[in-house]
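Taking it in order: structure first as structure tokens, then the write-up.
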Amino acid sequence: MRTILVLNTKGGSGKTTVATNIAGYFASAGKQVALADFDPQRSSLDWLAARSEAFAPITGIDAVNNAVRTPQDTEYLILDAPAGTHGAELEKLVKRAQTMVIPVAPSPVDIRAAVHFLDELRGLRQSVTTNVKIATIANRVRENGVRTGELEDYLYDQRQLDGHKLPFLASLRAHSNYLRAAERGLSIFEFAPAATEHDREQWLPLVRWLKSSRSVP
Ligand SMILES: Nc1ncnc2c1ncn2[C@@H]1O[C@H](COP(=O)(O)OP(=O)(O)OP(=O)(O)O)[C@@H](O)[C@H]1O
Ligand SMILES: [Mg+2]
């Protein structure tokens, strides 16, 4: 079973959007998917509750108490983390995953928070960080925006503790497609194919990475 964690300590960076879209992507590709919501806000479970039975099923797991029981045939387990996860809680979540995706939004406050968060990650015990593959993505970007450029430059330059580049894989535009799909419990891979074509293109490098051995330790 592949376990993919979506985490950034900053609230509203796009964790739930990215986690639910990853879940929808793999489910619509015929995979057995479970989505574990660690956030008491239960946004991922709300998303799932809106999902019609006409679409590929995803198993929802309320993981607020940290217990995750997945059906035996689960192929992909997606973890949606709450904002403000630090210290021991952060370490516990990272330990559960083989792959971690960090969405960052392009505002000065979000970028500054990302600087601290990536430092905190690099400060985790080596036994934790060597067992997980991490990538960043920019989310809710305004294409050609000044802040977007600043964020992309920053993420592009990030390195892991071992000096290797921290992959920066995608810039996802801010678009109502995400809101309209989420209203129905869908990912952009399952919604309005013509209107979401550009969004799905932006996801391609991230999807390719998630499907490749590069995202597995
Ligand atoms: N690419 C996007 N385009 C448009 N809206 C977006 C995009 N990504 C996220 N949003 C919206 O921004 C808000 C915050 O996103 P989301 O809930 O995914 O963040 P989060 O990191 O999970 O937040 P929290 O820290 O509260 O859990 C939501 O209303 C979401 O629909
Ligand atoms: Mg969330």
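Going through the structure tokens in order, the chains are called A, B, and so on, while each chain numbers its residues from 1 and the ligands are numbered from 1 in the order shown.
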Next on the checklist: So that I can see what lies close to A:Gly149, please list as a list in words the residues with an atom at most 12 Å from it, counting only C-alpha atoms and leaving out residues fewer than 2 positions away in the same chain.
Outcome noted: Ala105, Pro106, Ser107, Pro108, Ile111, Ala138, Val141, Arg142, Glu143, Asn144, Gly145, Val146, Arg147, Leu151, Glu152, Asp153, Tyr154, Leu155, Tyr156 and Ser171 of chain A
Atoms kept (N, CA and C atoms) for selection, written as a compact mmCIF listing (two decimals), in the first residue's frame:
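Contents of result_1.txt, as written:
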```
# COMPACT_ATOMS: atom_id res chain seq x y z
N ALA A 105 1.00 28.33 -0.83
CA ALA A 105 0.29 29.39 -1.55
C ALA A 105 1.22 30.60 -1.71
N PRO A 106 0.98 31.39 -2.76
CA PRO A 106 1.90 32.49 -3.07
C PRO A 106 1.56 33.82 -2.38
N SER A 107 1.58 33.85 -1.06
CA SER A 107 1.45 35.15 -0.38
C SER A 107 2.68 35.31 0.50
N PRO A 108 3.03 36.55 0.86
CA PRO A 108 4.20 36.75 1.71
C PRO A 108 4.10 35.94 3.01
N ILE A 111 4.66 32.26 2.24
CA ILE A 111 6.05 31.96 1.86
C ILE A 111 6.93 31.96 3.12
N ALA A 138 3.33 24.61 -5.75
CA ALA A 138 2.70 25.90 -5.50
C ALA A 138 1.22 25.72 -5.79
N VAL A 141 -2.07 29.66 -7.49
CA VAL A 141 -1.24 30.72 -8.05
C VAL A 141 -2.02 31.51 -9.09
N ARG A 142 -1.65 32.79 -9.18
CA ARG A 142 -2.12 33.62 -10.29
C ARG A 142 -1.01 33.56 -11.31
N GLU A 143 -1.35 33.01 -12.49
CA GLU A 143 -0.31 32.85 -13.49
C GLU A 143 0.28 34.22 -13.83
N ASN A 144 1.60 34.30 -13.88
CA ASN A 144 2.34 35.53 -14.14
C ASN A 144 2.28 36.54 -12.99
N GLY A 145 1.74 36.15 -11.84
CA GLY A 145 1.71 37.06 -10.69
C GLY A 145 3.12 37.21 -10.10
N VAL A 146 3.38 38.40 -9.51
CA VAL A 146 4.71 38.65 -8.91
C VAL A 146 4.98 37.67 -7.78
N ARG A 147 3.98 37.49 -6.91
CA ARG A 147 4.14 36.58 -5.76
C ARG A 147 4.36 35.15 -6.23
N LEU A 151 7.45 32.81 -5.16
CA LEU A 151 7.25 31.49 -4.55
C LEU A 151 7.95 30.41 -5.39
N GLU A 152 7.78 30.48 -6.70
CA GLU A 152 8.40 29.47 -7.56
C GLU A 152 9.92 29.50 -7.45
N ASP A 153 10.50 30.71 -7.42
CA ASP A 153 11.97 30.82 -7.28
C ASP A 153 12.41 30.19 -5.95
N TYR A 154 11.67 30.49 -4.90
CA TYR A 154 12.03 29.96 -3.58
C TYR A 154 11.95 28.43 -3.56
N LEU A 155 10.81 27.89 -4.04
CA LEU A 155 10.63 26.43 -3.99
C LEU A 155 11.64 25.72 -4.90
N TYR A 156 11.94 26.35 -6.03
CA TYR A 156 12.88 25.74 -6.98
C TYR A 156 14.26 25.58 -6.35
N SER A 171 2.82 24.02 -10.38
CA SER A 171 2.16 25.26 -9.97
C SER A 171 0.71 25.14 -10.40
```
Determine, for each residue of chain A having at least one atom at most 6 Å from an atom of ligand 2, the closest pair of atoms and their separation in Å to one decimal, counting only C-alpha atoms and all ligand atoms; order by chain and ascending number, as a tab-separated table.
```
residue	atom	partner	partner_atom_place_in_ligand_line	distance
A:Lys15	CA	ligand 2	1 (Mg)	5.1
A:Thr16	CA	ligand 2	1 (Mg)	4.0
A:Ser43	CA	ligand 2	1 (Mg)	5.8
A:Pro82	CA	ligand 2	1 (Mg)	5.9
```
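Closest approach to A:Lys31 among A:Arg214, A:Arg2, A:Arg69, A:Arg159: A:Arg2, based on only C-alpha atoms.
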Item to check | Surrounding residues as a PyMOL selection string, ligand 1, max 9 Å, only C-alpha atoms and all ligand atoms | outcome: chain A and resi 6-20+39+41-44+80-84+103-105+138-141+171-180+182-183+199
Item to check | Those of stretch 106-196 of chain A in DSSP helix (DSSP H, G or I), formatted as a PyMOL selection string | outcome: chain A and resi 108-122+126-129+146-156+176-183
Can I get the selected residues back with C-alpha atoms, as a short mmCIF file (atom, residue, chain, number, x, y, z; two decimals), in the first residue's frame?
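Done, and the output landed in selection_5.cif:
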```
data_model
loop_
_atom_site.label_atom_id
_atom_site.label_comp_id
_atom_site.auth_asym_id
_atom_site.auth_seq_id
_atom_site.Cartn_x
_atom_site.Cartn_y
_atom_site.Cartn_z
CA PRO A 108 4.20 36.75 1.71
CA VAL A 109 2.74 35.19 4.88
CA ASP A 110 2.53 31.75 3.27
CA ILE A 111 6.05 31.96 1.86
CA ARG A 112 7.50 32.99 5.24
CA ALA A 113 5.62 30.16 6.95
CA ALA A 114 6.99 27.74 4.33
CA VAL A 115 10.56 28.85 5.12
CA HIS A 116 10.03 27.92 8.79
CA PHE A 117 8.19 24.73 7.95
CA LEU A 118 10.85 23.41 5.54
CA ASP A 119 13.49 24.21 8.20
CA GLU A 120 11.48 22.27 10.77
CA LEU A 121 11.23 19.32 8.36
CA ARG A 122 14.97 19.36 7.73
CA GLN A 126 17.28 11.49 10.10
CA SER A 127 15.53 8.17 10.70
CA VAL A 128 12.27 9.95 9.85
CA THR A 129 13.36 11.99 6.85
CA VAL A 146 4.71 38.65 -8.91
CA ARG A 147 4.14 36.58 -5.76
CA THR A 148 3.86 33.45 -7.87
CA GLY A 149 7.32 34.16 -9.32
CA GLU A 150 8.76 34.72 -5.83
CA LEU A 151 7.25 31.49 -4.55
CA GLU A 152 8.40 29.47 -7.56
CA ASP A 153 11.97 30.82 -7.28
CA TYR A 154 12.03 29.96 -3.58
CA LEU A 155 10.63 26.43 -3.99
CA TYR A 156 12.88 25.74 -6.98
CA SER A 176 -13.15 28.00 -9.61
CA ASN A 177 -12.87 24.53 -11.19
CA TYR A 178 -11.45 23.33 -7.87
CA LEU A 179 -14.39 24.78 -5.94
CA ARG A 180 -17.01 23.52 -8.39
CA ALA A 181 -15.56 20.01 -8.46
CA ALA A 182 -15.19 19.93 -4.66
CA GLU A 183 -18.84 20.90 -4.19
#
```
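Between A:Thr85 and the residues A:Gln160, A:Phe38, A:Glu190, A:Lys211, the shortest atom-to-atom distance, using only C-alpha atoms, involves A:Phe38.
Using only C-alpha atoms, the nearest neighbour of A:Ile78 within the list A:Phe26, A:Trp203, A:Phe191, A:Phe55 is A:Phe26.
Residues of stretch 5-99 of chain A that DSSP places in strand (DSSP E or B), based on the backbone of this structure, are Leu5, Val6, Val33, Ala34, Leu35, Ala36, Asp37, Ile58, Thr59, Gly60, Ile61, Asp62, Tyr76, Leu77, Ile78, Leu79, Asp80 and Thr99 of chain A.
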Suppose we keep N, CA and C atoms; can you now write the selection as an mmCIF file, in the first residue's frame?
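File written: out.cif
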```
data_model
loop_
_atom_site.group_PDB
_atom_site.id
_atom_site.type_symbol
_atom_site.label_atom_id
_atom_site.label_comp_id
_atom_site.auth_asym_id
_atom_site.auth_seq_id
_atom_site.Cartn_x
_atom_site.Cartn_y
_atom_site.Cartn_z
ATOM 1 N N LEU A 5 1.152 11.516 2.095
ATOM 2 C CA LEU A 5 0.750 12.527 3.078
ATOM 3 C C LEU A 5 0.755 13.908 2.424
ATOM 4 N N VAL A 6 -0.313 14.672 2.664
ATOM 5 C CA VAL A 6 -0.342 16.056 2.194
ATOM 6 C C VAL A 6 -0.309 16.956 3.426
ATOM 7 N N VAL A 33 -8.744 3.204 -3.204
ATOM 8 C CA VAL A 33 -8.205 4.386 -2.518
ATOM 9 C C VAL A 33 -8.907 4.610 -1.186
ATOM 10 N N ALA A 34 -8.122 4.942 -0.165
ATOM 11 C CA ALA A 34 -8.682 5.382 1.109
ATOM 12 C C ALA A 34 -8.145 6.776 1.406
ATOM 13 N N LEU A 35 -9.001 7.598 1.994
ATOM 14 C CA LEU A 35 -8.651 8.991 2.303
ATOM 15 C C LEU A 35 -8.824 9.179 3.805
ATOM 16 N N ALA A 36 -7.705 9.391 4.497
ATOM 17 C CA ALA A 36 -7.766 9.518 5.964
ATOM 18 C C ALA A 36 -7.665 10.984 6.351
ATOM 19 N N ASP A 37 -8.662 11.467 7.077
ATOM 20 C CA ASP A 37 -8.734 12.869 7.463
ATOM 21 C C ASP A 37 -8.286 13.021 8.916
ATOM 22 N N ILE A 58 -14.303 5.849 -2.878
ATOM 23 C CA ILE A 58 -13.123 6.147 -2.055
ATOM 24 C C ILE A 58 -13.549 5.890 -0.614
ATOM 25 N N THR A 59 -12.732 5.162 0.129
ATOM 26 C CA THR A 59 -13.063 4.885 1.526
ATOM 27 C C THR A 59 -12.614 6.049 2.401
ATOM 28 N N GLY A 60 -13.537 6.629 3.143
ATOM 29 C CA GLY A 60 -13.193 7.726 4.053
ATOM 30 C C GLY A 60 -12.844 7.188 5.429
ATOM 31 N N ILE A 61 -11.809 7.745 6.031
ATOM 32 C CA ILE A 61 -11.392 7.307 7.362
ATOM 33 C C ILE A 61 -11.259 8.528 8.263
ATOM 34 N N ASP A 62 -12.007 8.530 9.362
ATOM 35 C CA ASP A 62 -11.877 9.599 10.351
ATOM 36 C C ASP A 62 -10.659 9.272 11.218
ATOM 37 N N TYR A 76 -3.895 2.758 -2.405
ATOM 38 C CA TYR A 76 -3.397 4.112 -2.114
ATOM 39 C C TYR A 76 -4.110 4.648 -0.889
ATOM 40 N N LEU A 77 -3.322 5.047 0.105
ATOM 41 C CA LEU A 77 -3.875 5.703 1.288
ATOM 42 C C LEU A 77 -3.385 7.152 1.266
ATOM 43 N N ILE A 78 -4.341 8.080 1.227
ATOM 44 C CA ILE A 78 -4.003 9.503 1.184
ATOM 45 C C ILE A 78 -4.308 10.100 2.561
ATOM 46 N N LEU A 79 -3.338 10.802 3.135
ATOM 47 C CA LEU A 79 -3.510 11.397 4.463
ATOM 48 C C LEU A 79 -3.646 12.907 4.330
ATOM 49 N N ASP A 80 -4.773 13.446 4.801
ATOM 50 C CA ASP A 80 -4.997 14.894 4.818
ATOM 51 C C ASP A 80 -4.710 15.396 6.235
ATOM 52 N N THR A 99 5.526 9.009 0.985
ATOM 53 C CA THR A 99 5.561 10.151 0.082
ATOM 54 C C THR A 99 4.842 11.317 0.744
#
```
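Closest to A:Asp46 among A:Ala195, A:Leu186, A:Leu166, A:Leu210 is A:Leu186, based on only C-alpha atoms.
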Checklist entry - For the atom pair atom CA of A:Lys165 and atom CA of A:Glu91, what is the interatomic distance in Å to one decimal place? => result 21.2 Å
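For the pair atom CA of A:Arg208 and atom CA of A:Phe168, the separation is 12.8 Å.
With distances taken over only C-alpha atoms, A:Gln98 is the one residue among A:Gln98, A:Asn66, A:Ser187, A:Thr196 lying closest to A:Ser215.
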